[in-house]
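Novice: I am attaching a structure below and will ask some questions about it afterwards.
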Protein chains: 2
Amino acid sequence: MLRQQWQTNQSLVCVGLDPEPERFPVELAADPYPIFSFNKLIIDATATLVCAYKPQMAHYSAKSAELELEMTIDYIHQSYPQIPVILDAKRGDVGSTAQYYAQEAFERYKADAVTVNPYLGFDSLEPFFAYSDKGIIVLCRTSNPGSMDIQTLMLENTTPLYLHIAQLAATQWNKNNNVLLVVGATHPDALQKVRSVVGNMPLLVPGIGAQGGDVMATVSAAQTQEGNGLIISASRSILYHDPKLSLMDYSKEVSKAAAELREQVNQTRFNFPHSLHQP
Amino acid sequence: MLRQQWQTNQSLVCVGLDPEPERFPVELAADPYPIFSFNKLIIDATATLVCAYKPQMAHYSAKSAELELEMTIDYIHQSYPQIPVILDAKRGDVGSTAQYYAQEAFERYKADAVTVNPYLGFDSLEPFFAYSDKGIIVLCRTSNPGSMDIQTLMLENTTPLYLHIAQLAATQWNKNNNVLLVVGATHPDALQKVRSVVGNMPLLVPGIGAQGGDVMATVSAAQTQEGNGLIISASRSILYHDPKLSLMDYSKEVSKAAAELREQVNQTRFNFPHSLHQP
C-alpha cells in the first residue's frame, strides 16, 4: 500500500492526525463530533497529497474519544482505501498482553500499521509481527531531546543502542518482512547510519516542522536509491491555521501546507544524485 | 498510600485486574457489565489482603471496555479509598504527547500510579513525574524472556542497560520522590542489583505464579531493611478458578489464593535476618 501510495501521490508526506480541539476552526464549535469532523476536513484536503495518515492515540485516549478515532479510521478506509493508516500508539508489553494490544490496533481500530516500543524485546513484539499483512514500526531513534538519554548509549561493542535495534529489526525481527523503524528528522546522522544497516526498509520520520527537523538534510540522509523509503510525518504545521477562517478557507490552507511540504521533499529527492526519478 | 497499605493489610501483594471474559464464572454470562462485575467480585474478595490493585490497560482497550475500566477504578476509590490503583499502561511518547498520556492516566482514569517505558528518555517521562502526588513506575527489568534482548545489553562502562536506568530513576529522574521501578520476579539477581542502587524505592514485581517467579527468592533479594519495598503482583493465579462455581464459592477461592500468596510472602519477609518485623 505504502509503495503504491508513494507512486500514486508522488508523496512521502504523512499527515499526523493529532487533534487539539482548542485550536479547531471556530465553525466546528457546535459539531457533535468535532474531532471526527476536523479529521475529515484534514483528510479530504490532503488525500491526493499524502502517502499515509497517522493518528496519535494519546490525543484520543486523553479525551475519551475512542469512538471518534474509530470513525476517523473507518472514514479513511471507506473514502480513500488506498491510503494506509498508521496508529501511533507506541505500545509494548509482555507477550500475553502484547497480544491484546495487537488486537486493539488491528482488530478494533483496523489500522494498517502500528508503532511499538522495543524495550521489552522480541517476545513483546512477536504478537504484532505475526500480523504479516500489517506494518510494525519499531521506535529506533526518536525526535525528542531525551532520545539521547537511552537510545544513544554506547554498547560494549561500541554500537549505540538505537543502531543495535536497527540491526535486530532488519534481521532477526523481520521474518515476515513487515518491520519499519522510527527515526527522527532531528538526527540526520542517525538517519544515515540507520539507512546504511537496513537496506530499503521504510523509515517513519517525525520531527519535521514544529520540532525543527530539516527536510533537505532528512531526505538526503535517508532516501533509498529509488528516491523513496521514507514516511515524513508532519502534524501541527499542516493541521493548524487561523481558527476564524471559514471551513472552506481553512481547508485550502491545509492543502497548501501539505502541498508545500510534499514539494519541498520532492525537490530534494529528485535532485539527489542516487535517485532514479530524475525529472 | 502504599506504605500505609503495606502496614494496614500486612501485605505486599498486588492483584492484577486482567479480565479474560472467556474464563469468568458462568454466572456472569448475562451480566450487562461482566468485566466490571468480575473485577468487583475480585476486589471485594481481596480488599483486606492487598497493598494495591493493578488493572492492565490492554485487556480493556482490546475489548472497547474503557467504561468498565473507569467503573472499576471508581469502585475502588469509593469503596476502598485507602488502596492505591496502579494503571499498567506502559506508556511512553515524546514530551508533548506524553502530556496527553499523563492526562489519560491521572485525570481520565484517576489512577494513583502508572507504568511507563523509559526508552524515549527523560523528557518523555517528565509530564508524568510532574504529577508529584502520583507514582510513576518505570520499566527496568521486565519479567519476560525477551527482557534479555535489550534490557541486559552491556554498556561501554560494563553496566547493563536496566541497571543504568535504575540509577537514573533513583537520582536525576526522582526529583519529586515519586519514581518506582518494575523488576520481574523471574530475575532475583536483577532484583538484588537494583535494590542495591535504589535504596528504599518501592519495586513493582510481576512474574510470580504463572510466569514462574519464586516468592522466596524475590523477597529475599529485594525487600528493604524494613521488610517491605515491594509490590508483588499476581493476576491469573488469583483471578481464575473453576468457572462453574457459584459466585460465592468463586469469591472464596479468590480470597484463599490471595491470602496464601500474602502468607507465603510474609513467611519469607518475617524470617529474613534484616527485617525489623520479627514476629
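By convention here, the chains of the C-alpha cells are called A, B, ... in the order presented, each chain's residues are numbered starting at 1, and ligands are numbered starting at 1 in the order presented.
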Which residues of chain A have any atom within 7 Å of an atom in chain B when counting only C-alpha atoms, and what is the closest pair of atoms for each, with the distance in Å to one decimal? Order the rows by chain and rising number and write it as CSV.
Specialist:
```
residue,atom,partner,partner_atom,distance
A:Ala58,CA,B:Tyr101,CA,5.4
A:His59,CA,B:Tyr100,CA,6.0
A:Ser61,CA,B:Glu104,CA,6.0
A:Ala62,CA,B:Glu104,CA,4.2
A:Lys90,CA,B:Gly92,CA,6.9
A:Gly92,CA,B:Lys90,CA,6.8
A:Val94,CA,B:Asn144,CA,5.9
A:Thr97,CA,B:Ala58,CA,6.5
A:Tyr100,CA,B:Ala58,CA,5.4
A:Tyr101,CA,B:Ala58,CA,5.4
A:Gln103,CA,B:Ala62,CA,5.6
A:Glu104,CA,B:Ala62,CA,4.2
A:Arg108,CA,B:Ala62,CA,6.6
A:Tyr119,CA,B:Ile150,CA,6.0
A:Leu120,CA,B:Ser147,CA,5.2
A:Gly121,CA,B:Gly146,CA,4.4
A:Phe122,CA,B:Gly146,CA,5.3
A:Asp123,CA,B:Gly146,CA,5.2
A:Ser124,CA,B:Gly146,CA,6.8
A:Thr142,CA,B:Leu120,CA,6.8
A:Asn144,CA,B:Val94,CA,5.9
A:Gly146,CA,B:Gly121,CA,4.4
A:Ser147,CA,B:Leu120,CA,5.2
A:Asp149,CA,B:Gly121,CA,5.1
A:Ile150,CA,B:Gly121,CA,5.9
A:Gln151,CA,B:Tyr119,CA,6.7
A:Met154,CA,B:Glu156,CA,5.7
A:Leu155,CA,B:Leu155,CA,4.1
A:Glu156,CA,B:Glu156,CA,4.1
A:Thr158,CA,B:Glu156,CA,6.9
```
Novice: Identify, on the basis of only C-alpha atoms, every residue whose closest approach to segment 4-6 of chain A does not exceed 9 Å; exclude the query and any residue fewer than 4 positions from it along the same chain; express the result as a VMD selection string.
Specialist: chain A and resid 10 to 13 50 to 52 82 to 84 228 to 229 231
Novice: Generate a file of the selected residues that holds C-alpha atoms, formatted as a PDB file, in the first residue's frame.
Specialist:
```pdb
ATOM      1  CA  GLN A  10       4.230  11.225  -5.684  1.00  0.00           C
ATOM      2  CA  SER A  11       4.462  11.893  -1.983  1.00  0.00           C
ATOM      3  CA  LEU A  12       6.496  10.806   1.032  1.00  0.00           C
ATOM      4  CA  VAL A  13       4.375  13.008   3.306  1.00  0.00           C
ATOM      5  CA  VAL A  50      -0.010  12.108   1.178  1.00  0.00           C
ATOM      6  CA  CYS A  51       1.375   8.584   1.419  1.00  0.00           C
ATOM      7  CA  ALA A  52      -0.230   7.826   4.812  1.00  0.00           C
ATOM      8  CA  GLN A  82      -5.585   3.046  -0.945  1.00  0.00           C
ATOM      9  CA  ILE A  83      -4.095   5.236   1.827  1.00  0.00           C
ATOM     10  CA  PRO A  84      -2.558   3.323   4.759  1.00  0.00           C
ATOM     11  CA  ASN A 228      11.704   6.888  -1.511  1.00  0.00           C
ATOM     12  CA  GLY A 229      11.817   4.684   1.644  1.00  0.00           C
ATOM     13  CA  ILE A 231       7.299   8.401   5.577  1.00  0.00           C
TER      14      ILE A 231
END
```
Novice: As a list in words, please: every residue in segment 179-247 of chain B that DSSP puts in strand (DSSP E).
Specialist: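 Of segment 179-247 of chain B, the ones in strand (DSSP E) are Val179, Leu180, Leu181, Val182, Val183, Leu203, Leu204, Val205, Leu230, Ile231, Ile232, Ser233 and Ala234 of chain B.
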Novice: Hey, can you spit out that residue selection with C-alpha atoms as a PDB file, in the first residue's frame?
Specialist:
```pdb
ATOM      1  CA  VAL B 179       9.530   7.217  40.966  1.00  0.00           C
ATOM      2  CA  LEU B 180       9.264   3.433  41.323  1.00  0.00           C
ATOM      3  CA  LEU B 181      10.627   0.640  39.118  1.00  0.00           C
ATOM      4  CA  VAL B 182       9.381  -2.583  37.546  1.00  0.00           C
ATOM      5  CA  VAL B 183      11.671  -5.569  38.080  1.00  0.00           C
ATOM      6  CA  LEU B 203       9.662  -2.037  43.254  1.00  0.00           C
ATOM      7  CA  LEU B 204       6.697  -3.407  41.341  1.00  0.00           C
ATOM      8  CA  VAL B 205       7.420  -7.106  40.856  1.00  0.00           C
ATOM      9  CA  LEU B 230       7.825  -4.476  47.207  1.00  0.00           C
ATOM     10  CA  ILE B 231       4.561  -4.612  45.290  1.00  0.00           C
ATOM     11  CA  ILE B 232       4.318  -8.263  44.329  1.00  0.00           C
ATOM     12  CA  SER B 233       1.807  -8.547  41.563  1.00  0.00           C
ATOM     13  CA  ALA B 234      -0.136 -11.661  40.652  1.00  0.00           C
TER      14      ALA B 234
END
```
Novice: Quick one, how far is atom CA of Glu263 of chain B from atom CA of Gly184 of chain B?
Specialist: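 Interatomic distance here is 20.0 Å.
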Novice: Using only C-alpha atoms, which protein or nucleic acid residues come within 12 Å of Ala257 of chain B? Drop anything in the same chain fewer than 2 positions from it, and give the result as a PyMOL selection string.
Specialist: chain B and resi 13+15+42+45-46+49-50+209+234-241+250-255+259-264
Novice: Create the file for the chosen residues now, containing N, CA and C atoms and written as an mmCIF file, in the first residue's frame.
Specialist:
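Output file again.cif is given in full below:
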```cif
data_model
loop_
_atom_site.group_PDB
_atom_site.id
_atom_site.type_symbol
_atom_site.label_atom_id
_atom_site.label_comp_id
_atom_site.auth_asym_id
_atom_site.auth_seq_id
_atom_site.Cartn_x
_atom_site.Cartn_y
_atom_site.Cartn_z
ATOM 1 N N VAL B 13 1.131 -7.805 48.558
ATOM 2 C CA VAL B 13 0.523 -8.401 47.368
ATOM 3 C C VAL B 13 -0.346 -7.386 46.617
ATOM 4 N N VAL B 15 -3.027 -7.243 43.364
ATOM 5 C CA VAL B 15 -3.792 -8.097 42.461
ATOM 6 C C VAL B 15 -3.931 -7.400 41.107
ATOM 7 N N ILE B 42 -13.651 -9.674 42.512
ATOM 8 C CA ILE B 42 -12.239 -9.857 42.908
ATOM 9 C C ILE B 42 -11.860 -8.845 43.986
ATOM 10 N N ALA B 45 -13.378 -9.512 47.320
ATOM 11 C CA ALA B 45 -12.824 -10.734 47.928
ATOM 12 C C ALA B 45 -11.412 -10.539 48.457
ATOM 13 N N THR B 46 -10.742 -9.451 48.058
ATOM 14 C CA THR B 46 -9.319 -9.325 48.391
ATOM 15 C C THR B 46 -8.945 -8.016 49.089
ATOM 16 N N LEU B 49 -6.583 -7.934 51.869
ATOM 17 C CA LEU B 49 -5.408 -8.803 51.683
ATOM 18 C C LEU B 49 -4.327 -8.197 50.805
ATOM 19 N N VAL B 50 -4.555 -7.004 50.246
ATOM 20 C CA VAL B 50 -3.647 -6.482 49.222
ATOM 21 C C VAL B 50 -3.099 -5.109 49.602
ATOM 22 N N GLY B 209 4.113 -16.677 40.131
ATOM 23 C CA GLY B 209 2.984 -17.543 39.750
ATOM 24 C C GLY B 209 3.091 -18.007 38.311
ATOM 25 N N ALA B 234 0.298 -10.391 41.234
ATOM 26 C CA ALA B 234 -0.136 -11.661 40.652
ATOM 27 C C ALA B 234 -1.512 -11.444 40.045
ATOM 28 N N SER B 235 -1.774 -12.132 38.939
ATOM 29 C CA SER B 235 -3.062 -11.947 38.271
ATOM 30 C C SER B 235 -3.761 -13.286 38.134
ATOM 31 N N ARG B 236 -3.371 -14.034 37.094
ATOM 32 C CA ARG B 236 -4.114 -15.246 36.758
ATOM 33 C C ARG B 236 -4.239 -16.220 37.923
ATOM 34 N N SER B 237 -3.159 -16.380 38.721
ATOM 35 C CA SER B 237 -3.206 -17.355 39.814
ATOM 36 C C SER B 237 -4.225 -16.972 40.885
ATOM 37 N N ILE B 238 -4.557 -15.689 40.958
ATOM 38 C CA ILE B 238 -5.575 -15.257 41.931
ATOM 39 C C ILE B 238 -6.954 -15.140 41.280
ATOM 40 N N LEU B 239 -7.001 -14.726 40.024
ATOM 41 C CA LEU B 239 -8.288 -14.402 39.386
ATOM 42 C C LEU B 239 -9.103 -15.601 38.929
ATOM 43 N N TYR B 240 -8.426 -16.652 38.451
ATOM 44 C CA TYR B 240 -9.176 -17.669 37.710
ATOM 45 C C TYR B 240 -9.276 -19.002 38.435
ATOM 46 N N HIS B 241 -10.508 -19.478 38.531
ATOM 47 C CA HIS B 241 -10.843 -20.733 39.209
ATOM 48 C C HIS B 241 -11.912 -21.426 38.374
ATOM 49 N N TYR B 250 -16.756 -19.015 44.252
ATOM 50 C CA TYR B 250 -15.667 -18.460 43.429
ATOM 51 C C TYR B 250 -14.913 -17.405 44.237
ATOM 52 N N SER B 251 -15.704 -16.543 44.861
ATOM 53 C CA SER B 251 -15.136 -15.474 45.667
ATOM 54 C C SER B 251 -14.249 -16.026 46.793
ATOM 55 N N LYS B 252 -14.685 -17.129 47.389
ATOM 56 C CA LYS B 252 -13.867 -17.752 48.452
ATOM 57 C C LYS B 252 -12.529 -18.249 47.910
ATOM 58 N N GLU B 253 -12.566 -18.822 46.694
ATOM 59 C CA GLU B 253 -11.316 -19.298 46.083
ATOM 60 C C GLU B 253 -10.356 -18.133 45.832
ATOM 61 N N VAL B 254 -10.931 -17.011 45.405
ATOM 62 C CA VAL B 254 -10.111 -15.823 45.140
ATOM 63 C C VAL B 254 -9.451 -15.349 46.439
ATOM 64 N N SER B 255 -10.264 -15.226 47.493
ATOM 65 C CA SER B 255 -9.711 -14.802 48.791
ATOM 66 C C SER B 255 -8.605 -15.750 49.235
ATOM 67 N N ALA B 259 -4.831 -14.775 49.985
ATOM 68 C CA ALA B 259 -4.346 -14.944 51.366
ATOM 69 C C ALA B 259 -3.116 -15.853 51.382
ATOM 70 N N GLU B 260 -3.132 -16.886 50.560
ATOM 71 C CA GLU B 260 -1.980 -17.799 50.514
ATOM 72 C C GLU B 260 -0.729 -17.089 50.019
ATOM 73 N N LEU B 261 -0.898 -16.267 48.983
ATOM 74 C CA LEU B 261 0.274 -15.560 48.460
ATOM 75 C C LEU B 261 0.786 -14.566 49.513
ATOM 76 N N ARG B 262 -0.139 -13.848 50.140
ATOM 77 C CA ARG B 262 0.284 -12.913 51.194
ATOM 78 C C ARG B 262 1.069 -13.642 52.280
ATOM 79 N N GLU B 263 0.548 -14.792 52.678
ATOM 80 C CA GLU B 263 1.168 -15.578 53.741
ATOM 81 C C GLU B 263 2.569 -16.045 53.330
ATOM 82 N N GLN B 264 2.663 -16.524 52.085
ATOM 83 C CA GLN B 264 3.952 -17.004 51.561
ATOM 84 C C GLN B 264 4.986 -15.875 51.583
#
```
Novice: Quick one: everything within 12 Å of Lys244 of chain B, counting only C-alpha atoms, minus sequence neighbours fewer than 5 positions away in the same chain. Send it as a list in words.
Specialist: Arg23, Phe24, Pro25, Val26, Glu27, Leu28, Ala29, Asp249 and Tyr250 of chain B
Novice: In Å, how far is it from atom CA of Asn176 of chain B to atom CA of Gly16 of chain B?
Specialist: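 Spanning atom CA of Asn176 of chain B to atom CA of Gly16 of chain B is a straight-line distance of 26.3 Å.
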Novice: Per DSSP on the backbone, filter segment 201-241 of chain B down to the residues in alpha helix (DSSP H) and report them as number ranges by chain.
Specialist: B: 215-222, 236-239
Novice: Save the residues we just selected, C-alpha atoms, as a CSV table (one decimal), in the first residue's frame?
Specialist:
```
chain,number,residue,atom,x,y,z
B,215,VAL,CA,8.4,-15.9,46.1
B,216,MET,CA,11.2,-16.7,48.5
B,217,ALA,CA,13.9,-15.7,46.0
B,218,THR,CA,12.1,-12.4,45.2
B,219,VAL,CA,11.5,-11.3,48.8
B,220,SER,CA,15.0,-12.3,50.0
B,221,ALA,CA,16.6,-10.5,47.1
B,222,ALA,CA,14.6,-7.3,47.2
B,236,ARG,CA,-4.1,-15.2,36.8
B,237,SER,CA,-3.2,-17.4,39.8
B,238,ILE,CA,-5.6,-15.3,41.9
B,239,LEU,CA,-8.3,-14.4,39.4
```
Novice: Which residue, A:Pro243, A:Phe270, A:Met201, A:Pro19, has the smallest gap to Arg3 of chain A when you use only C-alpha atoms?
Specialist: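 Using only C-alpha atoms, Arg3 of chain A sits closest to A:Met201.
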Novice: Nearest residue to Asn266 of chain A out of A:Lys40, A:Pro21, A:Gly227, A:Asp242, using only C-alpha atoms?
Specialist: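 Among the listed residues, the smallest separation from Asn266 of chain A belongs to A:Gly227.
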